[in-house]
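Q: Structure provided below as structure tokens; questions to follow.
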Amino acid sequence: PRRGAAALCLLAWTARTASRKRIWRDEASLYRAGVAEAPRSPRMLSGLGTVLDREGRRREARDLYRRALESDPGHALAAYDMGKSFFEEGDLRSARAWFSQLERGSLADPDTFCFLGLIAEKEARYGDALAYYARALERDPYQLEARRNAGLLLYRLGDARESRRQLELYLEAAPPPAEAAEVRVFLERIVKP
């Protein structure tokens with residue numbers, strides 16, 4: 001009887017493990033299982049939306065972000081991901097609207113300001129772009145993208161000295177090697193001391 005019970009427990013454990021392996025095999029499976037189990041979980045809805053967005057399934061992703069926000073209107077990640085989705089598609093007006101919602105709240109993080117800076121830059125509102133990059137750096141002095149973007153924009157606007165300073169600070173913060181190499185080449189070839 002003990003061996004039979006132990007074998008039954010082992011069989012149940014093996015079946016459960018196999019089931020979990022299917023769920024955990026990739027990010028999409030994990031979030032799909034999470035949404036099936038907790039259909040109103042903003043974290044699961046937003047996570048699955050991010051996966052679908054990466055796959056280019058923007059409409060489905062945005063529906064999931066909306067559901068996450070219906071479930072929890074303060075879920076900043078869903079609003080952020082919605083803005084990012086529109087930005088990546090080139091819809092700057094919609095992206096700005098979503099990121100601006102975050103900017104007005106207490107949930108704005110450096111990445112939000114960096115995206116708002118990129119949008120302003122694409123819209124040729126250079127002063128606004130620099131102000132957004134500065135706000136990103138106020139919140140996180142090591143926000144590498146904001147520092148690099150500000151440095152490159154300053155150069156385009158004719159302020160080589162401040163451009164150089166920002167890009168040197170960027171390099172001091174140890175960015176990824178490929179990006180650091182690009183900035184070093186830029187500094188060596190274009191921005192003279």
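By order in the structure tokens, chains are A, B, ...; within a chain, residues start at 1; ligands start at 1, following the order shown.
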Taking 2 positions as the minimum chain separation for residues in the same chain, which residues sit within 7 Å of segment 48-61 of chain A when counting only C-alpha atoms? Answer as a ChimeraX atom specification.
A: /A:28,31-32,44-46,63-65,81,85
Q: Kindly provide the residues of segment 62-138 of chain A that approach segment 158-172 of chain A to within 12 Å, each paired with its closest atom pair and their distance in Å to one decimal, based on only C-alpha atoms, listed by chain and increasing number, as a tab-separated table.
A:
```
residue	atom	partner	partner_atom	distance
A:Leu130	CA	A:Ser163	CA	11.5
A:Tyr133	CA	A:Gln166	CA	11.2
A:Ala134	CA	A:Gln166	CA	10.9
A:Leu137	CA	A:Gln166	CA	10.9
```
Q: Can you list, as a VMD selection string, every residue of chain A that DSSP puts in alpha helix (DSSP H)?
A: chain A and resid 2 to 24 27 to 37 42 to 54 58 to 71 76 to 89 92 to 104 110 to 122 126 to 139 144 to 156 160 to 172 177 to 189
Q: Just how far from atom CA of Met82 of chain A is atom CA of Arg62 of chain A, in Å to one decimal?
A: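 Atom CA of Met82 of chain A lies 6.3 Å from atom CA of Arg62 of chain A.
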Q: Identify which of the residues A:Glu121, A:Glu70, A:Glu188, A:Asp111 lies closest to Leu154 of chain A, counting only C-alpha atoms when measuring atom-to-atom distances.
A: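 Nearest to Leu154 of chain A: A:Glu121.
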